[in-house]
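Structure data (mmCIF, C-alpha atoms) from start_12.cif:
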```
data_coords
loop_
_atom_site.label_atom_id
_atom_site.label_comp_id
_atom_site.auth_asym_id
_atom_site.auth_seq_id
_atom_site.Cartn_x
_atom_site.Cartn_y
_atom_site.Cartn_z
CA MET R 1 -1.67 -11.42 39.41
CA VAL R 2 -0.49 -14.93 40.21
CA THR R 3 -0.47 -18.13 38.16
CA LEU R 4 -2.47 -21.07 39.50
CA LEU R 5 -1.18 -24.40 38.18
CA THR R 6 -3.76 -27.15 38.55
CA GLU R 7 -4.78 -30.45 36.98
CA ARG R 8 -7.01 -28.31 34.69
CA GLY R 9 -4.13 -26.20 33.35
CA SER R 10 -2.56 -22.78 34.05
CA PHE R 11 -4.68 -19.82 35.09
CA GLU R 12 -3.71 -16.17 35.59
CA VAL R 13 -5.79 -14.80 38.44
CA LYS R 14 -5.92 -11.62 40.48
CA ALA R 15 -4.67 -12.39 43.95
CA ARG R 16 -3.47 -10.94 47.23
CA ARG R 17 -0.51 -12.57 48.94
CA VAL R 18 -0.19 -12.12 52.69
CA GLY R 19 2.63 -14.23 54.11
CA GLU R 20 1.65 -17.86 53.54
CA ASP R 21 -1.88 -16.90 52.56
CA LEU R 22 -3.20 -16.46 49.04
CA TRP R 23 -6.51 -14.66 48.61
CA VAL R 24 -8.22 -15.18 45.26
CA ASP R 25 -11.64 -14.50 43.83
CA SER R 26 -13.97 -17.43 44.49
CA ASP R 27 -15.16 -17.70 40.87
CA ALA R 28 -11.57 -17.70 39.57
CA LEU R 29 -10.65 -20.45 42.04
CA ALA R 30 -13.67 -22.51 41.01
CA GLU R 31 -12.72 -22.20 37.35
CA ALA R 32 -9.10 -23.20 37.96
CA THR R 33 -9.75 -26.03 40.39
CA GLY R 34 -13.43 -27.01 40.51
CA TRP R 35 -13.44 -26.30 44.27
CA GLU R 36 -15.95 -23.85 45.76
CA LEU R 37 -17.29 -22.81 49.15
CA LYS R 38 -20.81 -24.03 49.90
CA PRO R 39 -22.83 -24.01 53.12
CA GLU R 40 -21.47 -27.56 53.80
CA GLY R 41 -17.85 -26.44 53.42
CA PHE R 42 -15.21 -26.47 50.73
CA CYS R 43 -16.55 -28.72 47.96
CA ARG R 44 -15.83 -30.25 44.58
CA ASP R 45 -18.55 -32.42 43.05
CA GLU R 46 -19.88 -34.57 45.91
CA VAL R 47 -16.84 -34.17 48.16
CA CYS R 48 -16.97 -31.51 50.91
CA VAL R 49 -14.41 -30.55 53.56
CA PRO R 50 -16.07 -28.64 56.44
CA LEU R 51 -14.44 -25.41 57.65
CA PRO R 52 -13.45 -25.18 61.33
CA ARG R 53 -16.37 -23.64 63.22
CA GLY R 54 -15.85 -20.02 64.23
CA ARG R 55 -12.80 -19.60 61.98
CA GLU R 56 -14.61 -19.09 58.65
CA SER R 57 -13.18 -15.58 58.26
CA GLU R 58 -9.66 -17.05 57.99
CA PHE R 59 -10.86 -18.81 54.84
CA ARG R 60 -13.39 -16.43 53.33
CA GLN R 61 -13.78 -12.66 53.22
CA GLY R 62 -16.50 -11.39 50.91
CA ALA R 63 -15.86 -12.83 47.44
CA GLU R 64 -12.26 -13.73 48.28
CA ILE R 65 -11.08 -17.16 49.36
CA ASN R 66 -7.80 -17.98 51.06
CA ALA R 67 -6.84 -20.73 48.65
CA ALA R 68 -3.51 -21.59 50.30
CA LYS R 69 -5.08 -21.99 53.73
CA LEU R 70 -7.97 -24.02 52.33
CA TRP R 71 -5.59 -26.35 50.51
CA ARG R 72 -3.57 -27.00 53.64
CA HIS R 73 -6.72 -27.42 55.74
CA ALA R 74 -8.07 -29.99 53.26
CA GLY R 75 -4.75 -31.90 53.29
CA GLN R 76 -4.13 -31.23 49.63
CA PRO R 77 -0.63 -30.71 48.24
CA ILE R 78 0.45 -27.15 47.44
CA VAL R 79 3.80 -25.69 46.41
CA VAL R 80 4.83 -22.17 45.45
CA SER R 81 7.64 -20.57 43.47
CA ARG R 82 10.34 -18.59 45.33
CA ASP R 83 8.91 -15.26 44.13
CA GLY R 84 5.38 -16.25 45.21
CA GLU R 85 3.99 -15.71 41.71
CA ALA R 86 3.20 -19.30 40.76
CA TRP R 87 1.19 -21.68 42.95
CA SER R 88 0.74 -25.32 42.13
CA LEU R 89 -2.44 -26.71 43.70
CA GLY R 90 -2.76 -30.47 43.68
CA THR R 91 -5.33 -33.10 44.47
CA SER R 92 -4.82 -35.26 47.54
CA ALA R 93 -3.85 -38.89 47.08
CA ALA R 94 -7.03 -40.07 48.81
CA LEU R 95 -9.27 -38.08 46.46
CA ARG R 96 -7.30 -39.13 43.40
CA THR R 97 -7.51 -42.79 44.35
CA SER R 98 -11.23 -42.64 45.13
CA ALA R 99 -11.91 -40.77 41.88
CA LEU R 100 -10.13 -43.51 39.92
CA GLU R 101 -11.87 -46.26 41.90
CA SER R 102 -15.23 -44.71 40.97
CA LEU R 103 -14.24 -45.85 37.44
CA GLU R 104 -15.57 -42.62 35.96
CA ALA R 105 -12.87 -41.58 33.48
CA PRO R 106 -11.42 -38.19 34.51
CA ASP R 107 -11.95 -35.72 31.67
CA VAL R 108 -9.20 -33.59 30.22
CA ALA R 109 -9.15 -30.83 27.59
CA LEU R 110 -5.95 -30.74 25.51
CA PRO R 111 -4.89 -28.99 22.28
CA ASP R 112 -3.95 -30.64 18.99
CA LEU R 113 -1.19 -29.30 16.71
CA ASP R 114 -3.52 -26.56 15.45
CA GLY R 115 -4.49 -25.50 18.96
CA ARG R 116 -7.95 -27.04 18.69
CA ILE R 117 -9.16 -28.37 22.07
CA HIS R 118 -10.26 -31.99 22.39
CA ARG R 119 -11.92 -33.61 25.38
CA ILE R 120 -12.16 -37.29 26.16
CA SER R 121 -15.87 -36.69 26.86
CA ASP R 122 -16.37 -35.49 23.25
CA HIS R 123 -16.35 -39.19 22.35
CA ARG R 124 -19.15 -40.53 24.55
CA GLY R 125 -20.98 -43.22 22.60
CA LYS R 126 -17.67 -44.64 21.38
CA LYS R 127 -15.11 -46.86 23.02
CA VAL R 128 -12.03 -44.74 23.67
CA PHE R 129 -8.49 -46.05 23.72
CA LEU R 130 -6.66 -43.37 25.71
CA SER R 131 -2.96 -43.80 25.10
CA THR R 132 0.20 -41.86 25.90
CA TRP R 133 3.49 -41.49 24.05
CA ALA R 134 6.36 -38.99 23.98
CA SER R 135 9.20 -37.87 21.72
CA TRP R 136 11.77 -38.56 24.44
CA MET D 1 1.46 -47.25 15.52
CA TRP D 2 -2.31 -47.02 16.19
CA GLN D 3 -3.48 -45.81 12.77
CA GLN D 4 -3.92 -49.26 11.28
CA LEU D 5 -5.93 -50.41 14.27
CA TYR D 6 -8.06 -47.27 14.14
CA ASP D 7 -8.78 -47.74 10.42
CA GLU D 8 -9.79 -51.29 11.07
CA LEU D 9 -12.11 -50.48 14.00
CA LYS D 10 -13.43 -46.97 13.45
CA ASP D 11 -16.73 -48.22 12.04
CA HIS D 12 -17.32 -50.17 15.24
CA GLY D 13 -17.68 -47.05 17.41
CA PHE D 14 -14.03 -46.68 18.34
CA MET D 15 -11.72 -43.73 18.90
CA VAL D 16 -8.02 -43.48 19.66
CA PHE D 17 -7.18 -40.49 21.90
CA ALA D 18 -3.39 -40.25 21.70
CA VAL D 19 -1.62 -37.91 24.08
CA ALA D 20 1.96 -36.71 23.62
CA MET D 21 3.59 -36.01 26.99
CA ASP D 22 5.99 -33.38 25.71
CA SER D 23 6.76 -30.46 27.98
CA ARG D 24 9.00 -28.77 25.41
CA GLY D 25 5.86 -28.04 23.41
CA PRO D 26 3.81 -29.09 20.38
CA GLU D 27 6.61 -28.39 17.90
CA ILE D 28 8.64 -31.19 19.47
CA ALA D 29 5.80 -33.66 18.92
CA ARG D 30 4.87 -32.34 15.47
CA PRO D 31 7.27 -34.42 13.32
CA TRP D 32 5.99 -37.67 14.85
CA ILE D 33 2.33 -36.69 14.59
CA GLU D 34 2.72 -35.60 10.96
CA ALA D 35 4.64 -38.75 10.04
CA ALA D 36 1.91 -40.91 11.61
CA LYS D 37 -0.69 -39.21 9.35
CA SER D 38 -3.17 -40.01 12.07
CA THR D 39 -6.89 -39.45 11.58
CA TYR D 40 -7.69 -40.19 15.23
CA VAL D 41 -7.38 -37.56 17.97
CA SER D 42 -3.79 -36.57 18.65
CA VAL D 43 -3.14 -33.97 21.34
CA ILE D 44 -0.21 -32.55 23.31
CA ASP D 45 0.00 -32.49 27.10
CA THR D 46 2.89 -30.17 28.00
CA GLU D 47 1.96 -30.21 31.71
CA HIS D 48 1.63 -34.03 31.97
CA ARG D 49 -1.89 -33.51 33.28
CA LEU D 50 -2.85 -37.00 32.21
CA ALA D 51 -0.10 -38.53 34.38
CA ASP D 52 -1.58 -36.77 37.40
CA LEU D 53 -5.25 -37.51 36.60
CA TYR D 54 -4.69 -41.17 35.72
CA ASN D 55 -1.71 -41.90 37.99
CA MET D 56 0.58 -42.75 35.09
CA VAL D 57 4.33 -43.37 35.34
CA ASN D 58 5.69 -43.85 31.83
CA VAL D 59 4.89 -44.08 28.13
CA PRO D 60 3.22 -45.88 26.50
CA GLU D 61 0.44 -46.36 29.01
CA ALA D 62 -3.24 -46.68 28.18
CA VAL D 63 -6.74 -46.69 29.65
CA TRP D 64 -9.79 -48.31 28.06
CA ILE D 65 -12.95 -46.22 28.43
CA ASP D 66 -16.38 -47.50 27.39
CA GLU D 67 -19.21 -45.66 25.59
CA THR D 68 -20.56 -44.24 28.86
CA GLY D 69 -17.22 -42.87 30.07
CA ARG D 70 -16.52 -45.75 32.47
CA ILE D 71 -13.04 -47.21 32.79
CA VAL D 72 -12.94 -50.89 31.85
CA ARG D 73 -9.14 -51.22 32.02
CA PRO D 74 -7.37 -48.71 34.29
CA THR D 75 -3.89 -47.34 33.57
CA GLU D 76 -1.46 -50.02 32.44
CA VAL D 77 1.43 -50.32 30.03
CA ALA D 78 0.08 -50.41 26.46
CA GLY D 79 1.52 -53.74 25.32
CA SER D 80 5.19 -53.11 26.14
CA GLY D 81 7.47 -54.75 28.65
CA ASP D 82 10.90 -54.97 30.16
CA TYR D 83 12.44 -56.47 27.01
CA PHE D 84 13.90 -53.03 26.22
CA ARG D 85 16.48 -53.70 28.93
CA LYS D 86 18.17 -56.26 26.67
CA MET D 87 18.95 -53.55 24.10
CA ASP D 88 22.51 -53.33 22.82
CA ARG D 89 23.59 -49.95 24.16
CA GLN D 90 25.96 -49.22 21.24
CA THR D 91 23.83 -50.25 18.28
CA LYS D 92 20.47 -49.50 20.00
CA THR D 93 19.10 -52.77 18.65
CA LEU D 94 17.25 -55.54 20.41
CA PRO D 95 18.50 -59.14 20.35
CA GLU D 96 16.27 -61.65 18.55
CA ASP D 97 14.63 -63.08 21.67
CA ALA D 98 13.68 -59.59 22.87
CA LYS D 99 12.26 -58.74 19.44
CA VAL D 100 10.15 -61.89 19.54
CA MET D 101 8.92 -60.95 22.98
CA ARG D 102 8.09 -57.43 21.81
CA GLU D 103 6.07 -58.68 18.83
CA GLU D 104 4.29 -61.27 20.91
CA MET D 105 3.24 -58.76 23.58
CA ARG D 106 2.18 -56.17 21.06
CA ALA D 107 0.11 -58.66 19.05
CA LEU D 108 -1.60 -59.99 22.16
CA TYR D 109 -2.43 -56.48 23.32
CA MET D 110 -3.74 -55.36 19.91
CA ASN D 111 -5.89 -58.48 19.62
CA ALA D 112 -7.28 -57.88 23.09
CA LEU D 113 -8.19 -54.34 22.09
CA ARG D 114 -9.88 -55.60 18.91
CA ASP D 115 -11.83 -58.13 20.93
CA TRP D 116 -13.09 -55.48 23.35
CA VAL D 117 -14.10 -53.07 20.58
CA ARG D 118 -16.07 -55.81 18.85
CA ASN D 119 -17.57 -57.51 21.92
CA GLY D 120 -17.74 -54.81 24.59
CA ARG D 121 -18.54 -56.07 28.10
CA ARG D 122 -18.67 -59.66 26.82
CA SER D 123 -14.98 -59.46 25.91
CA SER D 124 -12.81 -61.44 28.32
CA TYR D 125 -10.34 -58.52 28.17
CA ALA D 126 -12.81 -55.97 29.61
CA PHE D 127 -12.75 -56.07 33.40
CA ASP D 128 -16.04 -56.08 35.27
CA GLU D 129 -16.45 -53.28 37.83
CA SER D 130 -14.88 -55.01 40.79
CA ALA D 131 -11.92 -56.30 38.77
CA ALA D 132 -11.41 -52.84 37.22
CA ARG D 133 -11.40 -51.31 40.71
CA CYS D 134 -8.84 -53.84 41.90
CA HIS D 135 -6.55 -52.86 39.04
CA VAL D 136 -6.52 -49.14 39.99
CA ARG D 137 -3.11 -48.26 41.42
CA PRO D 138 -3.68 -46.32 44.64
CA GLN D 139 -1.86 -42.99 44.70
CA SER D 140 0.38 -41.95 47.61
CA GLU D 141 0.74 -38.51 49.21
CA ASP D 142 4.31 -38.30 47.89
CA VAL D 143 3.08 -38.92 44.36
CA ALA D 144 0.36 -36.27 44.69
CA LEU D 145 2.99 -33.79 45.87
CA ALA D 146 5.38 -34.86 43.08
CA HIS D 147 2.80 -33.90 40.45
CA CYS D 148 2.55 -30.45 42.09
CA TRP D 149 6.31 -29.97 41.90
CA PHE D 150 6.42 -31.18 38.31
CA ARG D 151 3.76 -28.67 37.23
CA LEU D 152 5.65 -25.88 38.99
CA GLY D 153 8.93 -27.00 37.38
CA ARG D 154 7.42 -26.95 33.91
CA HIS D 155 5.95 -23.51 34.47
CA LEU D 156 9.25 -22.13 35.78
CA HIS D 157 11.14 -23.67 32.87
CA ALA D 158 8.76 -22.07 30.36
CA ALA D 159 9.28 -18.76 32.19
CA GLY D 160 13.06 -19.08 31.81
CA LYS D 161 13.75 -19.70 35.51
CA LEU D 162 15.94 -22.66 34.74
CA ASP D 163 17.73 -23.26 38.06
CA GLU D 164 14.56 -23.13 40.07
CA ALA D 165 12.82 -25.32 37.47
CA GLU D 166 15.56 -27.94 37.72
CA ALA D 167 15.23 -27.97 41.52
CA ALA D 168 11.45 -28.42 41.26
CA PHE D 169 11.81 -31.30 38.76
CA ALA D 170 14.43 -32.93 40.98
CA GLU D 171 12.09 -32.73 43.96
CA ALA D 172 9.26 -34.23 41.87
CA SER D 173 11.49 -37.11 40.82
CA ARG D 174 12.78 -37.68 44.36
CA LEU D 175 9.19 -37.94 45.63
CA HIS D 176 8.09 -40.19 42.76
CA PRO D 177 11.07 -42.30 41.66
CA ASP D 178 8.82 -44.80 39.81
CA SER D 179 7.68 -42.06 37.44
CA TRP D 180 9.85 -42.31 34.37
CA ASN D 181 7.60 -39.67 32.83
CA ILE D 182 9.12 -37.21 35.28
CA TRP D 183 12.81 -38.08 35.06
CA ARG D 184 12.80 -38.82 31.34
CA GLN D 185 11.05 -35.51 30.63
CA MET D 186 13.50 -33.78 32.95
CA GLY D 187 16.40 -35.36 31.02
CA ASP D 188 14.84 -34.39 27.68
CA ILE D 189 14.63 -30.77 28.83
CA LYS D 190 18.15 -30.77 30.22
CA HIS D 191 19.70 -32.36 27.13
CA GLN D 192 17.34 -30.66 24.62
CA GLY D 193 16.21 -33.87 22.99
CA GLN D 194 19.66 -35.49 22.87
CA PRO D 195 20.00 -38.95 24.45
CA ASN D 196 20.15 -38.78 28.22
CA PRO D 197 23.62 -40.03 29.30
CA GLU D 198 22.15 -41.08 32.65
CA PHE D 199 19.43 -43.25 31.10
CA TRP D 200 21.01 -46.69 31.41
CA ALA D 201 22.52 -45.98 34.82
CA ARG D 202 19.01 -45.24 36.05
CA VAL D 203 17.68 -48.42 34.46
CA GLU D 204 20.47 -50.42 36.17
CA THR D 205 19.30 -49.25 39.59
CA LEU D 206 16.26 -51.51 39.13
CA GLY D 207 18.50 -54.56 39.58
CA ASN D 208 16.35 -57.66 39.24
CA ARG D 209 13.16 -55.73 39.88
CA ARG D 210 10.71 -55.68 37.01
CA TYR D 211 9.89 -52.13 35.88
CA TYR D 212 6.69 -52.52 33.89
CA GLY D 213 3.78 -54.01 35.76
CA LYS D 214 2.40 -57.26 34.38
CA ILE D 215 -0.46 -56.75 31.95
CA ASP D 216 -3.24 -58.87 33.39
CA MET D 217 -4.41 -60.62 30.23
CA PRO D 218 -4.59 -64.31 29.33
CA GLY D 219 -1.35 -65.37 27.63
CA MET D 220 0.62 -62.19 28.39
CA PRO D 221 4.21 -62.97 29.50
#
```
Mind converting the file's structure to structure tokens?
Amino acid sequence: MVTLLTERGSFEVKARRVGEDLWVDSDALAEATGWELKPEGFCRDEVCVPLPRGRESEFRQGAEINAAKLWRHAGQPIVVSRDGEAWSLGTSAALRTSALESLEAPDVALPDLDGRIHRISDHRGKKVFLSTWASW
Amino acid sequence: MWQQLYDELKDHGFMVFAVAMDSRGPEIARPWIEAAKSTYVSVIDTEHRLADLYNMVNVPEAVWIDETGRIVRPTEVAGSGDYFRKMDRQTKTLPEDAKVMREEMRALYMNALRDWVRNGRRSSYAFDESAARCHVRPQSEDVALAHCWFRLGRHLHAAGKLDEAEAAFAEASRLHPDSWNIWRQMGDIKHQGQPNPEFWARVETLGNRRYYGKIDMPGMP
């Protein structure tokens, strides 16, 4: 098992580590990151990054996807703990900027004090004042 | 701070979604949330996911989102400014002129928010699409990578790998020096909620540079 740390949260997934490669189940990767392999390439929503022709097997074998290789290929940031058990998969600056410039508010699911999950999108139909604070 | 405004506006189709950026966990945020007796949504973001998703750098920052989920004011400071730099470091109090500035900015911001809730797109404080787009801060590759390191640091810290966590936080902060969310959270973890002795030294490194971006609203100093 490894921990995938993404903008959606932390996910424990079954994985195979081979050197710099990280093979994970495609459904688990889609749940943790929103990214999935389609005929057009490696996609999230409307954005697709094509795989290099003839090298698909470096990225996909059966139901497993080489997440680390895909991240690097797509120019997305990725860092890993020294023991290889925690991988932080980020979103590239270009995608982040274009997502924000689309003006569609990114959704997030976060717990309240009782552990109940709230999403920004629960409040469609209302004007939402999204505001941050901290104890520090 | 937002409860009064929420009470006043909740019948006009309005919600406050308040997010505590507290990596040490919900129990750290609990006393503040309970004291606020808030009836709006109040959640805890231990991983600072919002800072990544909305390209945020400090608290308090805010985003205005309309009924359809569209951003009408992208990330900006929520009615605060650089007046905090005039604080007396011994007594932790603001001089009179800074207090006046604080009240003035806060009142302007609150009134702008009221105006938008009541008037929607017709409000002069709601940006149209092209203005909203212009106010989006573009993210850099270093910042994207910094958020990755921060997430890893928080995970390692929670797992008790403190030295490696500290190195990951330091790398995040090096890559994204404008993020006070990162270094202030890092200091809070290191000093377990006690005041960060490096705080003012870090503020001094700004020199004459303004820290908070200008809030683009009529009348805002």
Original post:
CA of Ser42 in chain D and CA of Arg24 in chain D, how far apart in Å?
Top reply: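 According to the coordinates, CA of Arg24 in chain D and CA of Ser42 in chain D are separated by 16.4 Å.
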Original post:
So which one's closest to Ile28 in chain D, R:Leu113, R:Thr132, R:Ser92, R:Cys43? Using all atoms listed in the file, please.
Top reply: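 Of R:Leu113, R:Thr132, R:Ser92, R:Cys43, the one nearest Ile28 in chain D, counting all atoms listed in the file, is R:Leu113.
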Taking all atoms listed in the file into account, produce a table as JSON lines in which each residue of chain R with an atom at most 7 Å from an atom of chain D appears once, together with its shortest atom pair and the distance in Å to one decimal, ordered by chain and rising number.
```
{"residue": "R:Leu5", "atom": "CA", "partner": "D:Arg151", "partner_atom": "CA", "distance": 6.6}
{"residue": "R:Glu7", "atom": "CA", "partner": "D:Arg49", "partner_atom": "CA", "distance": 5.6}
{"residue": "R:Pro77", "atom": "CA", "partner": "D:Leu145", "partner_atom": "CA", "distance": 5.3}
{"residue": "R:Ile78", "atom": "CA", "partner": "D:Cys148", "partner_atom": "CA", "distance": 6.6}
{"residue": "R:Val79", "atom": "CA", "partner": "D:Cys148", "partner_atom": "CA", "distance": 6.5}
{"residue": "R:Ser88", "atom": "CA", "partner": "D:Cys148", "partner_atom": "CA", "distance": 5.4}
{"residue": "R:Leu89", "atom": "CA", "partner": "D:Cys148", "partner_atom": "CA", "distance": 6.4}
{"residue": "R:Gly90", "atom": "CA", "partner": "D:Cys148", "partner_atom": "CA", "distance": 5.5}
{"residue": "R:Thr91", "atom": "CA", "partner": "D:Ala144", "partner_atom": "CA", "distance": 6.5}
{"residue": "R:Ser92", "atom": "CA", "partner": "D:Ala144", "partner_atom": "CA", "distance": 6.0}
{"residue": "R:Ala93", "atom": "CA", "partner": "D:Glu141", "partner_atom": "CA", "distance": 5.1}
{"residue": "R:Arg96", "atom": "CA", "partner": "D:Gln139", "partner_atom": "CA", "distance": 6.8}
{"residue": "R:Thr97", "atom": "CA", "partner": "D:Pro138", "partner_atom": "CA", "distance": 5.2}
{"residue": "R:Leu100", "atom": "CA", "partner": "D:Val136", "partner_atom": "CA", "distance": 6.7}
{"residue": "R:Glu101", "atom": "CA", "partner": "D:Arg133", "partner_atom": "CA", "distance": 5.2}
{"residue": "R:Leu103", "atom": "CA", "partner": "D:Ile71", "partner_atom": "CA", "distance": 5.0}
{"residue": "R:Glu104", "atom": "CA", "partner": "D:Arg70", "partner_atom": "CA", "distance": 4.8}
{"residue": "R:Ala105", "atom": "CA", "partner": "D:Arg70", "partner_atom": "CA", "distance": 5.6}
{"residue": "R:Pro106", "atom": "CA", "partner": "D:Leu53", "partner_atom": "CA", "distance": 6.5}
{"residue": "R:Leu110", "atom": "CA", "partner": "D:Val43", "partner_atom": "CA", "distance": 6.0}
{"residue": "R:Pro111", "atom": "CA", "partner": "D:Val43", "partner_atom": "CA", "distance": 5.4}
{"residue": "R:Asp112", "atom": "CA", "partner": "D:Val43", "partner_atom": "CA", "distance": 4.2}
{"residue": "R:Leu113", "atom": "CA", "partner": "D:Pro26", "partner_atom": "CA", "distance": 6.2}
{"residue": "R:Arg124", "atom": "CA", "partner": "D:Glu67", "partner_atom": "CA", "distance": 5.2}
{"residue": "R:Gly125", "atom": "CA", "partner": "D:Glu67", "partner_atom": "CA", "distance": 4.2}
{"residue": "R:Lys126", "atom": "CA", "partner": "D:Glu67", "partner_atom": "CA", "distance": 4.6}
{"residue": "R:Lys127", "atom": "CA", "partner": "D:Asp66", "partner_atom": "CA", "distance": 4.6}
{"residue": "R:Val128", "atom": "CA", "partner": "D:Met15", "partner_atom": "CA", "distance": 4.9}
{"residue": "R:Phe129", "atom": "CA", "partner": "D:Val16", "partner_atom": "CA", "distance": 4.8}
{"residue": "R:Leu130", "atom": "CA", "partner": "D:Phe17", "partner_atom": "CA", "distance": 4.8}
{"residue": "R:Ser131", "atom": "CA", "partner": "D:Ala62", "partner_atom": "CA", "distance": 4.2}
{"residue": "R:Thr132", "atom": "CA", "partner": "D:Val19", "partner_atom": "CA", "distance": 4.7}
{"residue": "R:Trp133", "atom": "CA", "partner": "D:Val59", "partner_atom": "CA", "distance": 5.0}
{"residue": "R:Ala134", "atom": "CA", "partner": "D:Ala20", "partner_atom": "CA", "distance": 5.0}
{"residue": "R:Ser135", "atom": "CA", "partner": "D:Ala29", "partner_atom": "CA", "distance": 6.1}
{"residue": "R:Trp136", "atom": "CA", "partner": "D:Asp188", "partner_atom": "CA", "distance": 6.1}
```
**OP:** Check what the PyMOL selection byres ((chain D and resi 98) around 9) selects in the file above and give those residues as a ChimeraX atom specification.
**Re:** /D:83-87,94-97,99-103
Keeping only C-alpha atoms, write the selected residues as a PDB file, in the frame of the given file.
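After the write, again_21.pdb holds the following:
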```pdb
ATOM      1  CA  TYR D  83      12.440 -56.470  27.010  1.00  0.00           C
ATOM      2  CA  PHE D  84      13.900 -53.030  26.220  1.00  0.00           C
ATOM      3  CA  ARG D  85      16.480 -53.700  28.930  1.00  0.00           C
ATOM      4  CA  LYS D  86      18.170 -56.260  26.670  1.00  0.00           C
ATOM      5  CA  MET D  87      18.950 -53.550  24.100  1.00  0.00           C
ATOM      6  CA  LEU D  94      17.250 -55.540  20.410  1.00  0.00           C
ATOM      7  CA  PRO D  95      18.500 -59.140  20.350  1.00  0.00           C
ATOM      8  CA  GLU D  96      16.270 -61.650  18.550  1.00  0.00           C
ATOM      9  CA  ASP D  97      14.630 -63.080  21.670  1.00  0.00           C
ATOM     10  CA  LYS D  99      12.260 -58.740  19.440  1.00  0.00           C
ATOM     11  CA  VAL D 100      10.150 -61.890  19.540  1.00  0.00           C
ATOM     12  CA  MET D 101       8.920 -60.950  22.980  1.00  0.00           C
ATOM     13  CA  ARG D 102       8.090 -57.430  21.810  1.00  0.00           C
ATOM     14  CA  GLU D 103       6.070 -58.680  18.830  1.00  0.00           C
TER      15      GLU D 103
END
```
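Contact shell of range 49-64 of chain R at 7 Å (all atoms listed in the file; same-chain neighbours under 6 positions omitted): Trp23, Val24, Asp25, Ser26, Glu40, Gly41, Phe42, Cys43, Leu70 and Ala74 of chain R.
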Subject >> Gap from CA of Asn66 in chain R to CA of Glu171 in chain D - Å, one decimal >> reply: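 That distance, rounded to one decimal, is 25.8 Å.
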**OP:** List the residues selected by the PyMOL selection byres ((chain R and resi 4) around 8) in the file shown, writing them as a list in words.
**Re:** Val2, Thr3, Leu5, Thr6, Ser10, Phe11, Glu12, Val13, Ala32, Ala86, Trp87, Ser88 and Leu89 of chain R
**OP:** Considering all atoms listed in the file, return as a list in words whatever protein or nucleic-acid residues lie within 9 Å of Arg8 in chain R, sequence-local ones (same chain, fewer than 5 positions apart) excluded.
**Re:** Glu31, Ala32, Thr33, Gly34, Val108 and Ala109 of chain R; Arg49 of chain D
Need the axis-aligned box for range 65-75 of chain R with 8 Å each side, so what are the centre and edges in Å to one decimal, as lines of an AutoDock Vina configuration file?
```
center_x = -7.3
center_y = -24.5
center_z = 52.2
size_x = 23.6
size_y = 30.7
size_z = 23.1
```
